[in-house]
Amino acid sequence: MLLSIDKIYTCENITQALDYLTQDEEAMPLAAGTDIIPMLRDGAIKKARLVDLHNINELNYIRYEDGLLRIGAMTTHQSIAGNKLVQKYIPALSYACSQIGSAQIRRRATIGGNICHASPAADTLPVLIAADACAVIRSREYKKTILLESFFTGLKKTRLHKGAILEEITIIIPKDGWQGNFYRAGGRSALTISIASVAVMRGDQGIHAAYGSMSPCVKRIRAVEEYLDQNANAEPGALREIVGECLFPITDIRALKEYRLEVASNLTWLGSIELAGKN
């Protein structure tokens, strides 16, 4: 099938990419193409003018500096999953990246592409949002850092304006690292979209819990966090009630909303048990 790609700009550095995005108002950034190519194939995007970021080495790194873990937007899921810094400071992110798609997808797909696609089922997002990660956005006119939780404005919508790119993700690392894990329910990992996913993690300010596939955007639920902080032995029934009051998932071809709520509650309870065991 002939895809409707009008133009592809190849770039060697960030400045060149931003120039193309500024000069061509219809151009959009291209990370790995694992999302945008299927969208073109299926007609979700009618045509595309793409600025290819794949070969920009400035966007591909993982560094730990002064208590801050920094991950370039073009770093692949495979690189993150196997990185010793990530495994040490936020192992849940290493695990989440190891669960994305097939081995071929993980070698190609990037964390920046996963974030900017803004799917509520994106497996990296519950971990990143639970860890208070920030997005660094850059254009020719500005460079700003915003909390990743506020980066998303709706279903597959973000605050990334035309002419800008996501440059990196930053995570403040607690003194004992981010403890906890990422949990998901679905079919085979290489082919599935999560029915429900949860990151339950502890930092210096207590327990954080973020949920995927349960609302238009991945979100933290403060009522759950408050309950888990105050109750070392969480009750499944109490968690089910809180989750049901805070989340309003849809019923679709993959799962009933009632099933999603039940799964999310059970995964939260599992996460609380594992965190309690680490005390």
# chains A, B, ... in the order shown; residues from 1 in each chain; ligands from 1

call {"tool": "closest_atom_pairs", "arguments": {"of": "stretch 147-185 of chain A", "to": "stretch 19-39 of chain A", "cutoff": "12 Å", "atoms": "only C-alpha atoms", "output": "JSON lines"}}
result
{"residue": "A:Lys156", "atom": "CA", "partner": "A:Asp35", "partner_atom": "CA", "distance": 11.7}
{"residue": "A:Leu160", "atom": "CA", "partner": "A:Pro29", "partner_atom": "CA", "distance": 10.6}
{"residue": "A:His161", "atom": "CA", "partner": "A:Met28", "partner_atom": "CA", "distance": 10.0}
{"residue": "A:Lys162", "atom": "CA", "partner": "A:Leu21", "partner_atom": "CA", "distance": 7.2}
{"residue": "A:Gly163", "atom": "CA", "partner": "A:Leu21", "partner_atom": "CA", "distance": 4.8}
{"residue": "A:Ala164", "atom": "CA", "partner": "A:Leu21", "partner_atom": "CA", "distance": 7.3}
{"residue": "A:Ile165", "atom": "CA", "partner": "A:Pro29", "partner_atom": "CA", "distance": 7.0}
{"residue": "A:Leu166", "atom": "CA", "partner": "A:Pro29", "partner_atom": "CA", "distance": 9.4}
{"residue": "A:Glu167", "atom": "CA", "partner": "A:Pro29", "partner_atom": "CA", "distance": 11.5}

call {"tool": "write_last_selection", "arguments": {"atoms": "N, CA, C and O atoms", "output": "compact mmCIF listing (two decimals), in the first residue's frame"}}
result
# COMPACT_ATOMS: atom_id res chain seq x y z
N LYS A 156 -4.97 11.36 23.25
CA LYS A 156 -3.97 11.54 22.20
C LYS A 156 -3.75 13.02 21.86
O LYS A 156 -3.48 13.37 20.71
N LEU A 160 2.37 19.83 23.22
CA LEU A 160 3.47 20.01 22.27
C LEU A 160 2.95 20.78 21.05
O LEU A 160 2.20 20.24 20.24
N HIS A 161 3.34 22.03 20.93
CA HIS A 161 2.85 22.88 19.86
C HIS A 161 3.67 22.69 18.59
O HIS A 161 4.78 22.14 18.61
N LYS A 162 3.13 23.14 17.49
CA LYS A 162 3.85 23.08 16.22
C LYS A 162 5.16 23.83 16.33
O LYS A 162 5.24 24.89 16.97
N GLY A 163 6.18 23.29 15.72
CA GLY A 163 7.49 23.90 15.76
C GLY A 163 8.33 23.50 16.95
O GLY A 163 9.46 23.98 17.10
N ALA A 164 7.80 22.61 17.81
CA ALA A 164 8.53 22.19 19.01
C ALA A 164 8.71 20.68 19.02
O ALA A 164 7.98 19.94 18.35
N ILE A 165 9.68 20.24 19.78
CA ILE A 165 9.91 18.80 19.97
C ILE A 165 10.05 18.52 21.47
O ILE A 165 10.37 19.41 22.27
N LEU A 166 9.81 17.28 21.83
CA LEU A 166 10.14 16.80 23.17
C LEU A 166 11.62 16.45 23.16
O LEU A 166 12.06 15.59 22.39
N GLU A 167 12.39 17.13 24.00
CA GLU A 167 13.84 16.94 24.00
C GLU A 167 14.28 15.84 24.97
O GLU A 167 15.09 14.99 24.62

call {"tool": "select_by_dssp", "arguments": {"residues": "stretch 17-237 of chain A", "states": "helix (DSSP H, G or I)", "output": "ChimeraX atom specification"}}
result
/A:17-23,36-42,57-59,77-81,84-89,91-98,103-108,111-117,124-130,148-150,222-230,236-237

call {"tool": "residues_around", "arguments": {"residues": "A:Val243", "least_positions_apart": "6", "cutoff": "9 Å", "atoms": "only C-alpha atoms", "output": "PyMOL selection string"}}
result
chain A and resi 221+223-224+261-262+264-265

call {"tool": "write_last_selection", "arguments": {"atoms": "N, CA and C atoms", "output": "JSON list (two decimals), in the first residue's frame"}}
result
[["chain", "number", "residue", "atom", "x", "y", "z"],
["A", 221, "ILE", "N", -3.90, 9.05, 41.05],
["A", 221, "ILE", "CA", -5.11, 9.13, 41.87],
["A", 221, "ILE", "C", -4.67, 9.41, 43.32],
["A", 223, "ALA", "N", -6.38, 10.05, 45.99],
["A", 223, "ALA", "CA", -7.15, 9.39, 47.04],
["A", 223, "ALA", "C", -6.59, 7.99, 47.32],
["A", 224, "VAL", "N", -6.17, 7.30, 46.28],
["A", 224, "VAL", "CA", -5.54, 5.99, 46.46],
["A", 224, "VAL", "C", -4.22, 6.15, 47.20],
["A", 261, "LEU", "N", -12.16, -1.84, 36.18],
["A", 261, "LEU", "CA", -12.09, -1.36, 37.56],
["A", 261, "LEU", "C", -11.64, -2.46, 38.51],
["A", 262, "GLU", "N", -12.15, -3.66, 38.31],
["A", 262, "GLU", "CA", -11.76, -4.78, 39.17],
["A", 262, "GLU", "C", -10.27, -5.08, 39.02],
["A", 264, "ALA", "N", -7.87, -3.04, 37.89],
["A", 264, "ALA", "CA", -7.06, -1.94, 38.41],
["A", 264, "ALA", "C", -6.97, -1.98, 39.93],
["A", 265, "SER", "N", -8.08, -2.30, 40.59],
["A", 265, "SER", "CA", -8.08, -2.41, 42.05],
["A", 265, "SER", "C", -7.17, -3.53, 42.51]]

call {"tool": "closest_residue", "arguments": {"among": "A:Gln205, A:Asn114, A:Ser94, A:Gln87", "to": "A:Ala73", "atoms": "only C-alpha atoms"}}
result
A:Asn114

call {"tool": "select_by_dssp", "arguments": {"residues": "stretch 93-239 of chain A", "states": "strand (DSSP E)", "output": "number ranges by chain"}}
result
A: 134-138, 143-147, 152-154, 157-158, 165-172, 179-185, 196-203, 206-212, 219-220

call {"tool": "residues_around", "arguments": {"residues": "A:Met201", "least_positions_apart": "6", "cutoff": "12 Å", "atoms": "only C-alpha atoms", "output": "compact mmCIF listing (two decimals) with all heavy atoms, in the first residue's frame"}}
result
# COMPACT_ATOMS: atom_id res chain seq x y z
N TYR A 89 17.87 3.15 39.76
CA TYR A 89 17.12 4.27 40.34
C TYR A 89 15.62 4.21 40.14
O TYR A 89 14.86 4.74 40.95
CB TYR A 89 17.64 5.59 39.76
CG TYR A 89 19.06 5.91 40.18
CD1 TYR A 89 20.08 6.00 39.24
CD2 TYR A 89 19.38 6.12 41.51
CE1 TYR A 89 21.39 6.29 39.61
CE2 TYR A 89 20.68 6.41 41.90
CZ TYR A 89 21.67 6.49 40.95
OH TYR A 89 22.96 6.78 41.34
N ILE A 90 15.16 3.56 39.06
CA ILE A 90 13.72 3.45 38.82
C ILE A 90 13.46 2.15 38.05
O ILE A 90 13.15 2.15 36.86
CB ILE A 90 13.16 4.70 38.10
CG1 ILE A 90 11.66 4.59 37.90
CG2 ILE A 90 13.90 5.02 36.82
CD1 ILE A 90 10.99 5.90 37.50
N PRO A 91 13.63 1.02 38.72
CA PRO A 91 13.52 -0.28 38.04
C PRO A 91 12.16 -0.52 37.40
O PRO A 91 12.07 -1.28 36.43
CB PRO A 91 13.80 -1.29 39.16
CG PRO A 91 13.61 -0.54 40.44
CD PRO A 91 13.99 0.87 40.15
N ALA A 92 11.10 0.12 37.90
CA ALA A 92 9.79 -0.07 37.29
C ALA A 92 9.78 0.42 35.85
O ALA A 92 9.08 -0.14 35.00
CB ALA A 92 8.72 0.68 38.10
N LEU A 93 10.56 1.45 35.53
CA LEU A 93 10.63 1.94 34.16
C LEU A 93 11.37 0.95 33.27
O LEU A 93 10.97 0.72 32.11
CB LEU A 93 11.31 3.30 34.12
CG LEU A 93 11.41 3.95 32.74
CD1 LEU A 93 10.03 4.15 32.12
CD2 LEU A 93 12.16 5.28 32.82
N PRO A 126 2.34 5.34 33.06
CA PRO A 126 2.03 5.23 34.49
C PRO A 126 3.28 5.35 35.38
O PRO A 126 3.24 6.01 36.42
CB PRO A 126 1.38 3.85 34.60
CG PRO A 126 0.77 3.62 33.25
CD PRO A 126 1.75 4.23 32.29
N VAL A 127 4.38 4.73 34.96
CA VAL A 127 5.60 4.81 35.75
C VAL A 127 6.14 6.24 35.78
O VAL A 127 6.48 6.78 36.83
CB VAL A 127 6.68 3.85 35.19
CG1 VAL A 127 7.98 4.01 35.97
CG2 VAL A 127 6.19 2.41 35.26
N LEU A 128 6.23 6.86 34.61
CA LEU A 128 6.78 8.21 34.54
C LEU A 128 5.92 9.21 35.32
O LEU A 128 6.45 10.07 36.04
CB LEU A 128 6.89 8.64 33.08
CG LEU A 128 7.93 7.89 32.24
CD1 LEU A 128 7.77 8.24 30.77
CD2 LEU A 128 9.34 8.20 32.72
N ILE A 129 4.61 9.10 35.20
CA ILE A 129 3.73 10.03 35.90
C ILE A 129 3.74 9.77 37.40
O ILE A 129 3.74 10.71 38.21
CB ILE A 129 2.32 9.97 35.30
CG1 ILE A 129 2.34 10.65 33.92
CG2 ILE A 129 1.28 10.63 36.21
CD1 ILE A 129 1.07 10.56 33.15
N ALA A 130 3.79 8.50 37.81
CA ALA A 130 3.89 8.18 39.23
C ALA A 130 5.18 8.73 39.83
O ALA A 130 5.23 9.09 41.01
CB ALA A 130 3.80 6.68 39.45
N ALA A 131 6.23 8.80 39.01
CA ALA A 131 7.54 9.28 39.48
C ALA A 131 7.70 10.79 39.31
O ALA A 131 8.82 11.31 39.48
CB ALA A 131 8.65 8.56 38.73
N ASP A 132 6.61 11.50 39.01
CA ASP A 132 6.67 12.96 38.84
C ASP A 132 7.69 13.38 37.78
O ASP A 132 8.38 14.40 37.92
CB ASP A 132 7.00 13.67 40.16
CG ASP A 132 5.79 13.78 41.08
OD1 ASP A 132 4.66 13.73 40.56
OD2 ASP A 132 5.97 13.90 42.30
N PRO A 174 14.61 9.86 44.37
CA PRO A 174 14.62 9.90 45.84
C PRO A 174 15.91 9.30 46.40
O PRO A 174 16.67 8.62 45.69
CB PRO A 174 13.40 9.03 46.22
CG PRO A 174 12.58 8.94 44.98
CD PRO A 174 13.52 9.03 43.84
N ASP A 176 16.44 6.77 48.23
CA ASP A 176 16.52 5.31 48.09
C ASP A 176 16.06 4.84 46.71
O ASP A 176 15.78 3.65 46.52
CB ASP A 176 15.65 4.64 49.17
CG ASP A 176 16.17 4.90 50.57
OD1 ASP A 176 17.40 4.93 50.74
OD2 ASP A 176 15.35 5.08 51.49
N GLY A 177 15.99 5.75 45.76
CA GLY A 177 15.47 5.39 44.44
C GLY A 177 13.95 5.25 44.47
O GLY A 177 13.32 5.29 45.54
N TRP A 178 13.36 5.10 43.30
CA TRP A 178 11.92 4.86 43.22
C TRP A 178 11.64 3.38 43.41
O TRP A 178 12.01 2.56 42.56
CB TRP A 178 11.38 5.33 41.88
CG TRP A 178 11.17 6.82 41.81
CD1 TRP A 178 11.98 7.73 41.19
CD2 TRP A 178 10.09 7.56 42.40
NE1 TRP A 178 11.48 9.00 41.36
CE2 TRP A 178 10.32 8.93 42.09
CE3 TRP A 178 8.96 7.21 43.14
CZ2 TRP A 178 9.44 9.93 42.51
CZ3 TRP A 178 8.10 8.22 43.54
CH2 TRP A 178 8.34 9.56 43.23
N GLN A 179 11.04 3.03 44.53
CA GLN A 179 10.67 1.65 44.81
C GLN A 179 9.27 1.36 44.25
O GLN A 179 8.48 2.28 44.05
CB GLN A 179 10.70 1.38 46.31
CG GLN A 179 12.05 1.64 46.95
CD GLN A 179 12.01 1.45 48.45
OE1 GLN A 179 11.27 0.62 48.96
NE2 GLN A 179 12.80 2.23 49.17
N GLY A 180 8.98 0.09 44.04
CA GLY A 180 7.68 -0.27 43.52
C GLY A 180 7.78 -0.82 42.11
O GLY A 180 8.87 -1.08 41.60
N ASN A 181 6.61 -0.98 41.48
CA ASN A 181 6.63 -1.66 40.18
C ASN A 181 5.48 -1.19 39.31
O ASN A 181 4.62 -0.42 39.71
CB ASN A 181 6.58 -3.17 40.37
CG ASN A 181 7.39 -3.91 39.32
OD1 ASN A 181 7.58 -3.41 38.21
ND2 ASN A 181 7.88 -5.09 39.67
N PHE A 182 5.49 -1.75 38.09
CA PHE A 182 4.47 -1.50 37.08
C PHE A 182 3.74 -2.81 36.83
O PHE A 182 4.35 -3.87 36.70
CB PHE A 182 5.14 -1.01 35.80
CG PHE A 182 4.23 -0.99 34.59
CD1 PHE A 182 3.25 -0.02 34.46
CD2 PHE A 182 4.34 -1.95 33.60
CE1 PHE A 182 2.42 0.01 33.36
CE2 PHE A 182 3.52 -1.93 32.49
CZ PHE A 182 2.55 -0.95 32.37
N TYR A 183 2.41 -2.71 36.74
CA TYR A 183 1.58 -3.90 36.56
C TYR A 183 0.61 -3.64 35.42
O TYR A 183 0.05 -2.55 35.30
CB TYR A 183 0.79 -4.21 37.84
CG TYR A 183 1.64 -4.23 39.08
CD1 TYR A 183 1.88 -3.04 39.78
CD2 TYR A 183 2.21 -5.40 39.55
CE1 TYR A 183 2.66 -3.04 40.92
CE2 TYR A 183 3.00 -5.40 40.69
CZ TYR A 183 3.22 -4.22 41.37
OH TYR A 183 4.00 -4.20 42.50
N ILE A 207 3.73 7.24 48.81
CA ILE A 207 3.34 6.36 47.71
C ILE A 207 2.61 7.14 46.62
O ILE A 207 1.75 7.98 46.91
CB ILE A 207 2.45 5.21 48.23
CG1 ILE A 207 3.26 4.29 49.16
CG2 ILE A 207 1.87 4.39 47.07
CD1 ILE A 207 2.45 3.19 49.80
N HIS A 208 2.97 6.86 45.38
CA HIS A 208 2.30 7.43 44.22
C HIS A 208 1.69 6.29 43.41
O HIS A 208 2.30 5.23 43.27
CB HIS A 208 3.27 8.21 43.33
CG HIS A 208 3.80 9.45 43.96
ND1 HIS A 208 4.61 10.35 43.29
CD2 HIS A 208 3.64 9.97 45.21
CE1 HIS A 208 4.92 11.35 44.08
NE2 HIS A 208 4.36 11.14 45.26
N ALA A 209 0.51 6.51 42.85
CA ALA A 209 -0.16 5.50 42.03
C ALA A 209 -0.73 6.16 40.79
O ALA A 209 -1.48 7.14 40.88
CB ALA A 209 -1.27 4.81 42.82
N ALA A 210 -0.37 5.64 39.61
CA ALA A 210 -0.85 6.18 38.34
C ALA A 210 -1.45 5.05 37.51
O ALA A 210 -0.97 3.92 37.54
CB ALA A 210 0.27 6.87 37.59
N TYR A 211 -2.49 5.40 36.73
CA TYR A 211 -3.31 4.40 36.06
C TYR A 211 -3.38 4.65 34.56
O TYR A 211 -3.61 5.78 34.11
CB TYR A 211 -4.73 4.43 36.63
CG TYR A 211 -4.79 3.98 38.08
CD1 TYR A 211 -4.43 4.85 39.10
CD2 TYR A 211 -5.15 2.69 38.41
CE1 TYR A 211 -4.45 4.44 40.42
CE2 TYR A 211 -5.17 2.27 39.73
CZ TYR A 211 -4.81 3.15 40.73
OH TYR A 211 -4.83 2.74 42.05
N ARG A 220 -2.52 10.21 37.96
CA ARG A 220 -2.36 9.80 39.35
C ARG A 220 -3.69 9.93 40.07
O ARG A 220 -4.49 10.82 39.78
CB ARG A 220 -1.32 10.69 40.04
CG ARG A 220 0.12 10.35 39.72
CD ARG A 220 1.07 11.31 40.40
NE ARG A 220 0.90 11.35 41.85
CZ ARG A 220 1.52 12.22 42.65
NH1 ARG A 220 2.33 13.13 42.13
NH2 ARG A 220 1.32 12.19 43.94
N VAL A 224 -6.17 7.30 46.28
CA VAL A 224 -5.54 5.99 46.46
C VAL A 224 -4.22 6.15 47.20
O VAL A 224 -3.90 5.39 48.12
CB VAL A 224 -5.32 5.30 45.10
CG1 VAL A 224 -4.42 4.08 45.25
CG2 VAL A 224 -6.65 4.91 44.47
N GLU A 225 -3.43 7.14 46.80
CA GLU A 225 -2.13 7.36 47.43
C GLU A 225 -2.28 7.66 48.92
O GLU A 225 -1.53 7.12 49.76
CB GLU A 225 -1.41 8.52 46.72
CG GLU A 225 -1.11 8.23 45.27
CD GLU A 225 -0.59 9.43 44.52
OE1 GLU A 225 -0.50 10.53 45.12
OE2 GLU A 225 -0.26 9.29 43.32
N LEU A 228 -3.15 4.43 50.76
CA LEU A 228 -2.02 3.51 50.89
C LEU A 228 -0.99 4.04 51.88
O LEU A 228 -0.36 3.25 52.61
CB LEU A 228 -1.38 3.28 49.52
CG LEU A 228 -2.22 2.52 48.50
CD1 LEU A 228 -1.49 2.42 47.16
CD2 LEU A 228 -2.60 1.13 49.00
N ASP A 229 -0.79 5.34 51.92
CA ASP A 229 0.16 5.92 52.88
C ASP A 229 -0.32 5.72 54.33
O ASP A 229 0.50 5.56 55.24
CB ASP A 229 0.34 7.42 52.61
CG ASP A 229 1.35 7.70 51.51
OD1 ASP A 229 2.29 6.90 51.36
OD2 ASP A 229 1.18 8.70 50.80
N THR A 268 -3.52 -2.63 42.07
CA THR A 268 -3.12 -1.69 43.12
C THR A 268 -2.85 -2.42 44.42
O THR A 268 -1.85 -2.15 45.12
CB THR A 268 -4.21 -0.63 43.34
OG1 THR A 268 -4.54 0.00 42.10
CG2 THR A 268 -3.75 0.43 44.33
N LEU A 270 -1.97 -5.55 44.76
CA LEU A 270 -0.73 -6.30 44.57
C LEU A 270 0.48 -5.39 44.77
O LEU A 270 1.45 -5.75 45.45
CB LEU A 270 -0.69 -6.92 43.18
CG LEU A 270 0.58 -7.66 42.79
CD1 LEU A 270 0.84 -8.84 43.71
CD2 LEU A 270 0.50 -8.14 41.32
N GLY A 271 0.42 -4.17 44.20
CA GLY A 271 1.50 -3.24 44.37
C GLY A 271 1.72 -2.82 45.82
O GLY A 271 2.85 -2.67 46.28
N SER A 272 0.61 -2.66 46.55
CA SER A 272 0.73 -2.27 47.96
C SER A 272 1.37 -3.38 48.77
O SER A 272 2.15 -3.12 49.70
CB SER A 272 -0.65 -1.91 48.52
OG SER A 272 -1.46 -3.07 48.69
N ILE A 273 1.04 -4.63 48.46
CA ILE A 273 1.64 -5.77 49.17
C ILE A 273 3.15 -5.81 48.93
O ILE A 273 3.94 -6.02 49.86
CB ILE A 273 0.98 -7.09 48.71
CG1 ILE A 273 -0.47 -7.16 49.19
CG2 ILE A 273 1.78 -8.30 49.22
CD1 ILE A 273 -1.21 -8.36 48.66
N GLU A 274 3.55 -5.62 47.69
CA GLU A 274 4.98 -5.67 47.37
C GLU A 274 5.73 -4.52 48.06
O GLU A 274 6.86 -4.71 48.55
CB GLU A 274 5.19 -5.63 45.86
CG GLU A 274 4.67 -6.89 45.15
CD GLU A 274 5.20 -7.02 43.76
OE1 GLU A 274 6.02 -6.19 43.33
OE2 GLU A 274 4.78 -7.98 43.07
N LEU A 275 5.13 -3.33 48.08
CA LEU A 275 5.79 -2.22 48.76
C LEU A 275 5.88 -2.46 50.27
O LEU A 275 6.90 -2.15 50.89
CB LEU A 275 5.03 -0.92 48.51
CG LEU A 275 5.34 -0.18 47.21
CD1 LEU A 275 4.49 1.09 47.12
CD2 LEU A 275 6.82 0.17 47.10
N ALA A 276 4.82 -3.03 50.86
CA ALA A 276 4.83 -3.33 52.29
C ALA A 276 5.93 -4.32 52.63
O ALA A 276 6.57 -4.23 53.68
CB ALA A 276 3.47 -3.87 52.73
N LYS A 278 8.77 -4.43 51.31
CA LYS A 278 10.09 -3.80 51.21
C LYS A 278 10.39 -2.89 52.38
O LYS A 278 11.47 -2.32 52.47
CB LYS A 278 10.17 -3.00 49.91
CG LYS A 278 10.14 -3.88 48.66
CD LYS A 278 10.22 -3.05 47.37
CE LYS A 278 10.18 -3.95 46.15
NZ LYS A 278 10.24 -3.16 44.89

call {"tool": "closest_residue", "arguments": {"among": "A:Gln104, A:Thr76, A:Thr158, A:Thr251", "to": "A:Cys116", "atoms": "only C-alpha atoms"}}
result
A:Thr158

call {"tool": "decode", "arguments": {"residues": "stretch 39-109 of chain A", "atoms": "C-alpha atoms", "output": "CSV table (one decimal), in the first residue's frame"}}
result
chain,number,residue,atom,x,y,z
A,39,MET,CA,-1.9,5.6,11.4
A,40,LEU,CA,-1.2,6.5,7.8
A,41,ARG,CA,-1.9,3.0,6.7
A,42,ASP,CA,-5.3,2.9,8.4
A,43,GLY,CA,-6.3,6.4,7.3
A,44,ALA,CA,-6.1,8.1,10.7
A,45,ILE,CA,-3.7,10.6,9.1
A,46,LYS,CA,-4.5,11.4,5.5
A,47,LYS,CA,-1.0,12.7,4.5
A,48,ALA,CA,2.2,13.6,6.3
A,49,ARG,CA,5.2,15.8,6.0
A,50,LEU,CA,7.7,14.4,8.5
A,51,VAL,CA,10.9,15.6,10.2
A,52,ASP,CA,12.9,12.5,11.0
A,53,LEU,CA,14.6,12.7,14.4
A,54,HIS,CA,15.9,9.1,14.3
A,55,ASN,CA,19.6,10.0,13.6
A,56,ILE,CA,19.9,12.9,16.1
A,57,ASN,CA,22.4,11.6,18.6
A,58,GLU,CA,21.8,14.6,20.8
A,59,LEU,CA,18.4,13.1,21.7
A,60,ASN,CA,19.7,9.6,22.5
A,61,TYR,CA,21.2,9.3,26.0
A,62,ILE,CA,20.6,8.2,29.7
A,63,ARG,CA,22.5,10.2,32.3
A,64,TYR,CA,22.4,10.6,36.1
A,65,GLU,CA,23.5,14.1,37.2
A,66,ASP,CA,23.0,15.7,40.7
A,67,GLY,CA,20.1,13.5,41.7
A,68,LEU,CA,18.4,13.8,38.3
A,69,LEU,CA,17.9,11.0,35.8
A,70,ARG,CA,17.8,12.4,32.3
A,71,ILE,CA,16.6,10.4,29.3
A,72,GLY,CA,16.8,11.7,25.8
A,73,ALA,CA,13.5,11.6,23.8
A,74,MET,CA,15.0,9.3,21.1
A,75,THR,CA,16.3,6.7,23.5
A,76,THR,CA,14.8,3.3,22.6
A,77,HIS,CA,12.8,1.1,24.9
A,78,GLN,CA,15.4,-1.6,24.6
A,79,SER,CA,18.2,0.8,25.7
A,80,ILE,CA,16.1,1.9,28.7
A,81,ALA,CA,15.2,-1.6,29.7
A,82,GLY,CA,18.8,-2.7,29.8
A,83,ASN,CA,20.3,0.4,31.3
A,84,LYS,CA,22.0,0.0,34.7
A,85,LEU,CA,21.2,3.5,35.8
A,86,VAL,CA,17.5,3.0,35.2
A,87,GLN,CA,17.6,-0.4,36.8
A,88,LYS,CA,19.2,1.1,39.9
A,89,TYR,CA,17.1,4.3,40.3
A,90,ILE,CA,13.7,3.4,38.8
A,91,PRO,CA,13.5,-0.3,38.0
A,92,ALA,CA,9.8,-0.1,37.3
A,93,LEU,CA,10.6,1.9,34.2
A,94,SER,CA,13.1,-0.7,33.1
A,95,TYR,CA,10.4,-3.4,33.5
A,96,ALA,CA,7.7,-1.3,31.7
A,97,CYS,CA,10.0,-0.8,28.7
A,98,SER,CA,10.8,-4.5,28.6
A,99,GLN,CA,7.1,-5.3,28.2
A,100,ILE,CA,6.4,-3.0,25.2
A,101,GLY,CA,5.6,-4.8,22.0
A,102,SER,CA,8.0,-7.3,20.5
A,103,ALA,CA,11.8,-7.3,20.6
A,104,GLN,CA,11.8,-5.7,17.1
A,105,ILE,CA,9.5,-2.9,18.3
A,106,ARG,CA,11.6,-2.3,21.4
A,107,ARG,CA,14.8,-1.9,19.4
A,108,ARG,CA,13.2,0.8,17.2
A,109,ALA,CA,10.5,2.6,19.3
